[in-house]
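Below is one structure, written out as structure tokens, with a few remarks after it.
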Amino acid sequence: EEAQAVCEAFDAWLENTKEIVQARIQSDPLEAVTAIMRLKTAVPSVKEFDEPLAALKANRDLSKLADLNKKISALEQRKAKGRKISDLKSLTQAVDKFTESDNEATQTAAASLKKNLSSLAAPETPGK
């Protein structure tokens with residue numbers, strides 16, 4: 001009975017995780033790569049995300065956007081510590097270039113980063 005309960009809990013977790021990963025593929029391609037890799041590490045037998053993962057990894061724009069995301073995250077951490085942030089204009093311009101892409105995953109990731117940049121800049125706007 002205990003083994004069956006563990007198996008049922010695992011199956012429920014796996015199904016939930018697959019749904020989350022699928023949603024991230026659509027809504028946040030940058031996070032989707034990480035989520036798929038975590039799932040594959042936890043459960044190597046899961047193969048249903050191999051094709052989406054390969055497509056996401058093959059998208060060179062996403063790796064560039066991932067680098068921009070790291071810079072944005074660093075600025076968010078600086079801001080959280082009360083430090084002055086800069087370079088928002090150049091980061092915004094860099095992200096804007098990707099919003100015009102023909103690739104849907106690139107557009108989605110760029111839109112998400114643009115939203116992060118907007119929220120990062122928002123509190124400073126009234127002072128200008």
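Convention: chains lettered A, B, ... in structure tokens order; per-chain residue numbering from 1; ligands numbered from 1 as shown.
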
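Excluding stretch 51-54 of chain A itself and any same-chain residue fewer than 5 positions from it, the protein and nucleic acid residues within 9 Å of it, counting only C-alpha atoms, are Ile25, Ala32, Val33, Ile36, Met37 and Asn59 of chain A.
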
Could those selected residues go to a file with N, CA and C atoms, as a compact mmCIF listing (two decimals), in the first residue's frame?
# COMPACT_ATOMS: atom_id res chain seq x y z
N ILE A 25 6.85 26.40 -22.09
CA ILE A 25 7.28 26.39 -23.49
C ILE A 25 6.54 27.48 -24.24
N ALA A 32 11.66 27.69 -19.94
CA ALA A 32 11.30 26.35 -20.39
C ALA A 32 12.52 25.46 -20.53
N VAL A 33 13.61 26.00 -21.06
CA VAL A 33 14.83 25.21 -21.21
C VAL A 33 15.29 24.70 -19.86
N ILE A 36 12.80 22.03 -18.52
CA ILE A 36 12.93 20.74 -19.21
C ILE A 36 14.19 20.02 -18.71
N MET A 37 15.28 20.75 -18.58
CA MET A 37 16.52 20.12 -18.12
C MET A 37 16.36 19.58 -16.70
N ASN A 59 17.73 27.71 -31.24
CA ASN A 59 17.39 29.11 -31.48
C ASN A 59 18.50 29.99 -30.89

Margin query: Using only C-alpha atoms, can you tell me which of A:Leu120, A:Val21, A:Ala66, A:Ala58 comes closest to A:Val46?
Written below: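 Counting only C-alpha atoms, the residue closest to A:Val46 is A:Val21.
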
Next item on the list: Apply DSSP to the backbone of this structure and, from chain A, keep only the residues in helix (DSSP H, G or I); write these as an NGL selection string.
Entry: :A and (2-27 or 29-42 or 50-58 or 60-80 or 88-99 or 104-127)

Checklist line | Pick from A:Asp61, A:Glu2, A:Cys7, A:Ala35, whichever lies nearest to A:Ser101 using only C-alpha atoms | finding: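 Using only C-alpha atoms, A:Ser101 sits closest to A:Asp61.
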
Notebook entry, point to check: Can you list, as a ChimeraX atom specification, every protein, DNA or RNA residue that comes within 7 Å of A:Ala109 when you count only C-alpha atoms, leaving out same-chain residues fewer than 6 positions away?
Noted result: /A:28-30

Env of A:Gln93: 10 Å cut, atoms = only C-alpha atoms, seq-sep filter 5 positions within chain, self excluded. Answer as a JSON list (two decimals) with C-alpha atoms, in the first residue's frame.
[["chain", "number", "residue", "atom", "x", "y", "z"],
["A", 88, "LEU", "CA", 18.58, 50.21, -18.94],
["A", 98, "PHE", "CA", 14.35, 40.62, -30.71],
["A", 114, "LYS", "CA", 10.86, 43.83, -21.89]]

Checklist line | atom CA of A:Glu104 to atom CA of A:Leu39, straight-line distance in Å | finding: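 Between atom CA of A:Leu39 and atom CA of A:Glu104 the gap works out to 23.3 Å.
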
Checklist line | Selection near A:Asp87, 10 Å with only C-alpha atoms, sequence-local residues under 6 positions removed, as an NGL selection string | finding: :A and (71-72 or 75)

Would you write out those residues with N, CA, C and O atoms, as a PDB file, in the first residue's frame?
ATOM      1  N   LYS A  71      21.899  39.819 -17.307  1.00  0.00           N
ATOM      2  CA  LYS A  71      22.222  41.217 -17.012  1.00  0.00           C
ATOM      3  C   LYS A  71      21.056  41.902 -16.302  1.00  0.00           C
ATOM      4  O   LYS A  71      21.253  42.663 -15.352  1.00  0.00           O
ATOM      5  N   ILE A  72      19.844  41.609 -16.757  1.00  0.00           N
ATOM      6  CA  ILE A  72      18.656  42.189 -16.129  1.00  0.00           C
ATOM      7  C   ILE A  72      18.538  41.693 -14.683  1.00  0.00           C
ATOM      8  O   ILE A  72      18.257  42.468 -13.774  1.00  0.00           O
ATOM      9  N   LEU A  75      20.885  43.519 -12.488  1.00  0.00           N
ATOM     10  CA  LEU A  75      20.384  44.856 -12.174  1.00  0.00           C
ATOM     11  C   LEU A  75      19.276  44.798 -11.127  1.00  0.00           C
ATOM     12  O   LEU A  75      19.195  45.659 -10.247  1.00  0.00           O
TER      13      LEU A  75
END

Checklist line | Selection near A:Phe10, 12 Å with only C-alpha atoms, sequence-local residues under 6 positions removed, as a list in words | finding: Ala3, Gln4, Asn16, Thr17, Ala42 and Val43 of chain A

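Pairwise distance (atom CA of A:Arg83, atom CA of A:Asp67) equals 21.4 Å.
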
Next item on the list: Write out as a ChimeraX atom specification the residues lying within 9 Å of A:Leu68, counting only C-alpha atoms and excluding same-chain residues fewer than 6 positions away.
Entry: /A:91,94-95,113

Store the residues picked out above, limited to N, CA and C atoms, as a compact mmCIF listing (two decimals), in the first residue's frame.
# COMPACT_ATOMS: atom_id res chain seq x y z
N LEU A 91 20.04 48.04 -22.69
CA LEU A 91 19.41 46.73 -22.57
C LEU A 91 18.04 46.72 -23.24
N ALA A 94 18.51 46.52 -26.94
CA ALA A 94 18.93 45.18 -27.33
C ALA A 94 17.74 44.22 -27.34
N VAL A 95 16.90 44.31 -26.32
CA VAL A 95 15.72 43.44 -26.23
C VAL A 95 14.73 43.78 -27.35
N LEU A 113 11.22 39.73 -21.23
CA LEU A 113 12.34 40.53 -20.76
C LEU A 113 12.01 42.02 -20.78

Item checked: For atom CA of A:Thr108 and atom CA of A:Arg24, the interatomic separation in Å (one decimal) ->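 Spanning atom CA of A:Thr108 to atom CA of A:Arg24 is a straight-line distance of 10.5 Å.
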
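Nearest to A:Asp50 of all the residues A:Lys64, A:Gln22, A:Trp13, A:Ala121 is A:Gln22, counting only C-alpha atoms.
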